[in-house]
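Here's the structure, in structure tokens; my notes come after.
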Amino acid sequence: MSKVQDYTSRLSDPASRKMGTFSYLPPMDEAQIRKQVEWIVKHGWNPAIEHTEPQFAKSNFWYMWKLPMFGETDVDAILAELKACHEANPDNHVRLIGYNNFTQSQGANMVVYRGTPV
């Protein structure tokens with residue numbers, strides 16, 4: 001029988017908390033972020049950007065960065081907004097969301113920039 005890997009994520013340690021689809025992997029580089037944005041656009045989903053302080057990352061409420069980018073298909077424009085949000089809020093987590101029009105739900109949700117834990 002194989003051993004199950006234990007991830008050291010503890011509520012008492014904000015730096016260890018995991019959230020989102022890719023949180024157990026190393027942080028994404030710019031090329032990997034671009035591929036995720038391209039995937040969202042390719043599927044016709046509407047991108048949105050949110051951010052929050054690391055200590056509130058488990059909350060259901062994150063701050064919306066501008067309005068969702070309804071109908072946006074320019075990957076570079078979406079990447080520019082992600083970067084602008086990160087630069088304006090360097091200590092916050094920044095996540096990318098892909099809203100699926102058909103199911104009217106979030107089809108993708110990932111933290112692309114991790115903030116500094118308090």
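By order in the structure tokens, chains are A, B, ...; within a chain, residues start at 1; ligands start at 1, following the order shown.
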
Select from stretch 27-52 of chain A every residue with an atom at most 9 Å from any atom of stretch 85-89 of chain A, then for each give the shortest pair of atoms and their distance in Å to one decimal, using only C-alpha atoms, rows by chain and rising number, as a tab-separated table.
```
residue	atom	partner	partner_atom	distance
A:Ile49	CA	A:Cys85	CA	7.9
A:Glu50	CA	A:Cys85	CA	8.3
A:His51	CA	A:Cys85	CA	7.7
A:Thr52	CA	A:Asn89	CA	8.5
```

Keeping C-alpha atoms, export the residues of the selection given above as a PDB file, in the first residue's frame.
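Final file, out_7.pdb:
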```
ATOM      1  CA  ILE A  49      -9.964  39.273 -11.655  1.00  0.00           C
ATOM      2  CA  GLU A  50     -10.267  39.385  -7.869  1.00  0.00           C
ATOM      3  CA  HIS A  51      -7.838  40.046  -5.034  1.00  0.00           C
ATOM      4  CA  THR A  52      -7.724  39.819  -1.246  1.00  0.00           C
TER       5      THR A  52
END
```

Interface rows for stretch 57-85 of chain A against stretch 94-108 of chain A: nearest pair, Å to one decimal, 10 Å, only C-alpha atoms, as CSV:
```
residue,atom,partner,partner_atom,distance
A:Ala57,CA,A:Val94,CA,9.9
A:Trp62,CA,A:Arg95,CA,9.2
A:Tyr63,CA,A:Val94,CA,9.5
A:Met64,CA,A:Arg95,CA,9.8
A:Trp65,CA,A:Val94,CA,9.2
A:Pro68,CA,A:Tyr99,CA,8.8
A:Met69,CA,A:Gly98,CA,9.7
A:Phe70,CA,A:Tyr99,CA,9.1
A:Ile78,CA,A:Leu96,CA,9.5
A:Leu79,CA,A:Leu96,CA,9.9
A:Leu82,CA,A:Val94,CA,7.6
A:Lys83,CA,A:Val94,CA,9.2
A:Cys85,CA,A:Val94,CA,7.3
```

Selection file, N, CA and C atoms, as a PDB file, in the first residue's frame:
```
ATOM      1  N   ALA A  57      -8.067  35.042   2.712  1.00  0.00           N
ATOM      2  CA  ALA A  57      -8.184  34.254   1.484  1.00  0.00           C
ATOM      3  C   ALA A  57      -9.244  33.162   1.576  1.00  0.00           C
ATOM      4  N   TRP A  62     -13.966  38.225  -2.034  1.00  0.00           N
ATOM      5  CA  TRP A  62     -12.716  38.799  -2.520  1.00  0.00           C
ATOM      6  C   TRP A  62     -13.095  40.102  -3.215  1.00  0.00           C
ATOM      7  N   TYR A  63     -12.178  41.066  -3.242  1.00  0.00           N
ATOM      8  CA  TYR A  63     -12.427  42.333  -3.925  1.00  0.00           C
ATOM      9  C   TYR A  63     -12.365  42.116  -5.430  1.00  0.00           C
ATOM     10  N   MET A  64     -13.345  42.673  -6.141  1.00  0.00           N
ATOM     11  CA  MET A  64     -13.342  42.564  -7.593  1.00  0.00           C
ATOM     12  C   MET A  64     -12.430  43.650  -8.159  1.00  0.00           C
ATOM     13  N   TRP A  65     -11.582  43.267  -9.089  1.00  0.00           N
ATOM     14  CA  TRP A  65     -10.742  44.233  -9.803  1.00  0.00           C
ATOM     15  C   TRP A  65     -11.505  44.655 -11.049  1.00  0.00           C
ATOM     16  N   PRO A  68     -16.055  42.264 -14.515  1.00  0.00           N
ATOM     17  CA  PRO A  68     -15.642  41.126 -15.332  1.00  0.00           C
ATOM     18  C   PRO A  68     -15.445  41.576 -16.780  1.00  0.00           C
ATOM     19  N   MET A  69     -14.528  40.934 -17.459  1.00  0.00           N
ATOM     20  CA  MET A  69     -14.155  41.348 -18.813  1.00  0.00           C
ATOM     21  C   MET A  69     -15.024  40.605 -19.835  1.00  0.00           C
ATOM     22  N   PHE A  70     -16.319  40.936 -19.847  1.00  0.00           N
ATOM     23  CA  PHE A  70     -17.290  40.247 -20.697  1.00  0.00           C
ATOM     24  C   PHE A  70     -16.889  40.330 -22.169  1.00  0.00           C
ATOM     25  N   ILE A  78      -5.992  40.875 -21.017  1.00  0.00           N
ATOM     26  CA  ILE A  78      -6.311  40.196 -19.757  1.00  0.00           C
ATOM     27  C   ILE A  78      -5.069  40.088 -18.889  1.00  0.00           C
ATOM     28  N   LEU A  79      -3.936  39.711 -19.505  1.00  0.00           N
ATOM     29  CA  LEU A  79      -2.671  39.622 -18.764  1.00  0.00           C
ATOM     30  C   LEU A  79      -2.260  40.986 -18.208  1.00  0.00           C
ATOM     31  N   LEU A  82      -4.306  41.584 -15.111  1.00  0.00           N
ATOM     32  CA  LEU A  82      -3.789  40.775 -14.000  1.00  0.00           C
ATOM     33  C   LEU A  82      -2.558  41.434 -13.390  1.00  0.00           C
ATOM     34  N   LYS A  83      -1.662  41.878 -14.258  1.00  0.00           N
ATOM     35  CA  LYS A  83      -0.427  42.515 -13.792  1.00  0.00           C
ATOM     36  C   LYS A  83      -0.730  43.839 -13.081  1.00  0.00           C
ATOM     37  N   CYS A  85      -3.459  44.658 -11.484  1.00  0.00           N
ATOM     38  CA  CYS A  85      -4.043  44.340 -10.179  1.00  0.00           C
ATOM     39  C   CYS A  85      -2.954  43.938  -9.195  1.00  0.00           C
TER      40      CYS A  85
END
```

Return as a ChimeraX atom specification the full set of residues in stretch 48-100 of chain A whose backbone-based DSSP assignment is strand (DSSP E or B).
/A:48-52,63-64,93-100

For a quick check of understanding, using only C-alpha atoms, which of A:Val75, A:Lys3, A:Phe56, A:Thr116 has the smallest distance to A:Val37?
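Under the stated criterion, the closest residue is A:Val75.
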
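Counting from atom CA of A:Lys42, the distance to atom CA of A:Gly115 is 28.2 Å.
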
In Å, rounded to a single decimal, give me how far atom CA of A:Met110 is from atom CA of A:Arg34.
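If I compute the distance from atom CA of A:Arg34 to atom CA of A:Met110, I get 12.6 Å.
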
Pull the helix (DSSP H, G or I) assignments for stretch 12-110 of chain A out of DSSP run on the backbone, and list those residues as a CSV table (one decimal) with N, CA, C and O atoms, in the first residue's frame.
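Wrote it out as states-v7.csv, contents follow:
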```csv
chain,number,residue,atom,x,y,z
A,14,PRO,N,-0.7,30.9,8.2
A,14,PRO,CA,-1.2,31.5,7.0
A,14,PRO,C,-0.4,31.2,5.8
A,14,PRO,O,-0.9,31.1,4.7
A,15,ALA,N,0.9,31.0,5.9
A,15,ALA,CA,1.8,30.8,4.8
A,15,ALA,C,1.6,29.4,4.2
A,15,ALA,O,1.9,29.1,3.0
A,16,SER,N,1.0,28.5,5.0
A,16,SER,CA,0.8,27.1,4.5
A,16,SER,C,-0.6,26.9,3.9
A,16,SER,O,-0.8,25.8,3.3
A,30,GLU,N,5.1,33.4,-16.0
A,30,GLU,CA,4.3,34.2,-16.9
A,30,GLU,C,3.7,33.3,-18.1
A,30,GLU,O,2.6,33.5,-18.5
A,31,ALA,N,4.5,32.4,-18.6
A,31,ALA,CA,4.1,31.5,-19.7
A,31,ALA,C,2.9,30.6,-19.3
A,31,ALA,O,2.0,30.4,-20.0
A,32,GLN,N,3.0,30.1,-18.0
A,32,GLN,CA,1.9,29.2,-17.6
A,32,GLN,C,0.6,30.0,-17.3
A,32,GLN,O,-0.5,29.5,-17.6
A,33,ILE,N,0.8,31.2,-16.8
A,33,ILE,CA,-0.4,32.1,-16.6
A,33,ILE,C,-1.0,32.4,-18.0
A,33,ILE,O,-2.3,32.3,-18.2
A,34,ARG,N,-0.2,32.7,-19.0
A,34,ARG,CA,-0.7,32.9,-20.4
A,34,ARG,C,-1.5,31.7,-20.9
A,34,ARG,O,-2.6,31.9,-21.5
A,35,LYS,N,-1.0,30.5,-20.7
A,35,LYS,CA,-1.7,29.3,-21.1
A,35,LYS,C,-3.1,29.2,-20.5
A,35,LYS,O,-4.1,28.8,-21.1
A,36,GLN,N,-3.2,29.5,-19.2
A,36,GLN,CA,-4.5,29.5,-18.5
A,36,GLN,C,-5.4,30.5,-19.1
A,36,GLN,O,-6.6,30.2,-19.3
A,37,VAL,N,-5.0,31.7,-19.3
A,37,VAL,CA,-5.8,32.8,-19.9
A,37,VAL,C,-6.2,32.3,-21.3
A,37,VAL,O,-7.4,32.5,-21.7
A,38,GLU,N,-5.3,31.8,-22.1
A,38,GLU,CA,-5.7,31.3,-23.5
A,38,GLU,C,-6.7,30.3,-23.4
A,38,GLU,O,-7.7,30.2,-24.3
A,39,TRP,N,-6.7,29.4,-22.4
A,39,TRP,CA,-7.6,28.3,-22.3
A,39,TRP,C,-9.0,28.8,-22.0
A,39,TRP,O,-10.0,28.4,-22.6
A,40,ILE,N,-9.1,29.8,-21.1
A,40,ILE,CA,-10.3,30.5,-20.7
A,40,ILE,C,-11.0,31.1,-22.0
A,40,ILE,O,-12.1,31.0,-22.2
A,41,VAL,N,-10.1,31.9,-22.7
A,41,VAL,CA,-10.6,32.6,-23.9
A,41,VAL,C,-11.1,31.6,-25.0
A,41,VAL,O,-12.1,31.8,-25.6
A,42,LYS,N,-10.3,30.5,-25.2
A,42,LYS,CA,-10.6,29.5,-26.2
A,42,LYS,C,-12.0,28.9,-25.9
A,42,LYS,O,-12.7,28.6,-26.9
A,54,PRO,N,-4.0,38.0,2.2
A,54,PRO,CA,-3.8,36.6,2.5
A,54,PRO,C,-4.5,36.1,3.7
A,54,PRO,O,-5.0,35.0,3.7
A,55,GLN,N,-4.6,36.9,4.7
A,55,GLN,CA,-5.3,36.4,5.9
A,55,GLN,C,-6.8,36.3,5.7
A,55,GLN,O,-7.5,35.6,6.5
A,56,PHE,N,-7.4,36.8,4.7
A,56,PHE,CA,-8.8,36.7,4.4
A,56,PHE,C,-9.1,35.8,3.2
A,56,PHE,O,-10.2,35.7,2.6
A,75,VAL,N,-5.9,38.1,-25.2
A,75,VAL,CA,-5.1,37.5,-24.1
A,75,VAL,C,-4.2,38.6,-23.4
A,75,VAL,O,-4.1,38.6,-22.2
A,76,ASP,N,-3.5,39.4,-24.2
A,76,ASP,CA,-2.6,40.4,-23.7
A,76,ASP,C,-3.3,41.4,-22.8
A,76,ASP,O,-2.8,41.9,-21.8
A,77,ALA,N,-4.5,41.8,-23.2
A,77,ALA,CA,-5.3,42.8,-22.4
A,77,ALA,C,-5.6,42.2,-21.0
A,77,ALA,O,-5.6,42.8,-20.0
A,78,ILE,N,-6.0,40.9,-21.0
A,78,ILE,CA,-6.3,40.2,-19.8
A,78,ILE,C,-5.1,40.1,-18.9
A,78,ILE,O,-5.1,40.4,-17.7
A,79,LEU,N,-3.9,39.7,-19.5
A,79,LEU,CA,-2.7,39.6,-18.8
A,79,LEU,C,-2.3,41.0,-18.2
A,79,LEU,O,-1.7,41.1,-17.1
A,80,ALA,N,-2.5,42.0,-19.0
A,80,ALA,CA,-2.2,43.4,-18.5
A,80,ALA,C,-3.0,43.8,-17.3
A,80,ALA,O,-2.5,44.4,-16.3
A,81,GLU,N,-4.3,43.4,-17.3
A,81,GLU,CA,-5.1,43.7,-16.1
A,81,GLU,C,-4.7,42.8,-14.9
A,81,GLU,O,-4.7,43.3,-13.8
A,82,LEU,N,-4.3,41.6,-15.1
A,82,LEU,CA,-3.8,40.8,-14.0
A,82,LEU,C,-2.6,41.4,-13.4
A,82,LEU,O,-2.4,41.5,-12.2
A,83,LYS,N,-1.7,41.9,-14.3
A,83,LYS,CA,-0.4,42.5,-13.8
A,83,LYS,C,-0.7,43.8,-13.1
A,83,LYS,O,-0.1,44.1,-12.0
A,84,ALA,N,-1.7,44.6,-13.6
A,84,ALA,CA,-2.0,45.9,-13.0
A,84,ALA,C,-2.6,45.7,-11.6
A,84,ALA,O,-2.3,46.4,-10.7
A,85,CYS,N,-3.5,44.7,-11.5
A,85,CYS,CA,-4.0,44.3,-10.2
A,85,CYS,C,-3.0,43.9,-9.2
A,85,CYS,O,-2.9,44.4,-8.0
A,86,HIS,N,-2.0,43.1,-9.6
A,86,HIS,CA,-0.9,42.7,-8.8
A,86,HIS,C,0.0,43.8,-8.4
A,86,HIS,O,0.4,44.0,-7.2
A,87,GLU,N,0.3,44.7,-9.3
A,87,GLU,CA,1.1,45.9,-9.0
A,87,GLU,C,0.4,46.9,-8.1
A,87,GLU,O,1.0,47.5,-7.2
A,88,ALA,N,-0.9,47.0,-8.2
A,88,ALA,CA,-1.7,47.9,-7.3
A,88,ALA,C,-1.9,47.3,-5.9
A,88,ALA,O,-2.1,48.0,-5.0
```

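In this structure, atom CA of A:Lys58 sits 12.8 Å away from atom CA of A:Asn92.
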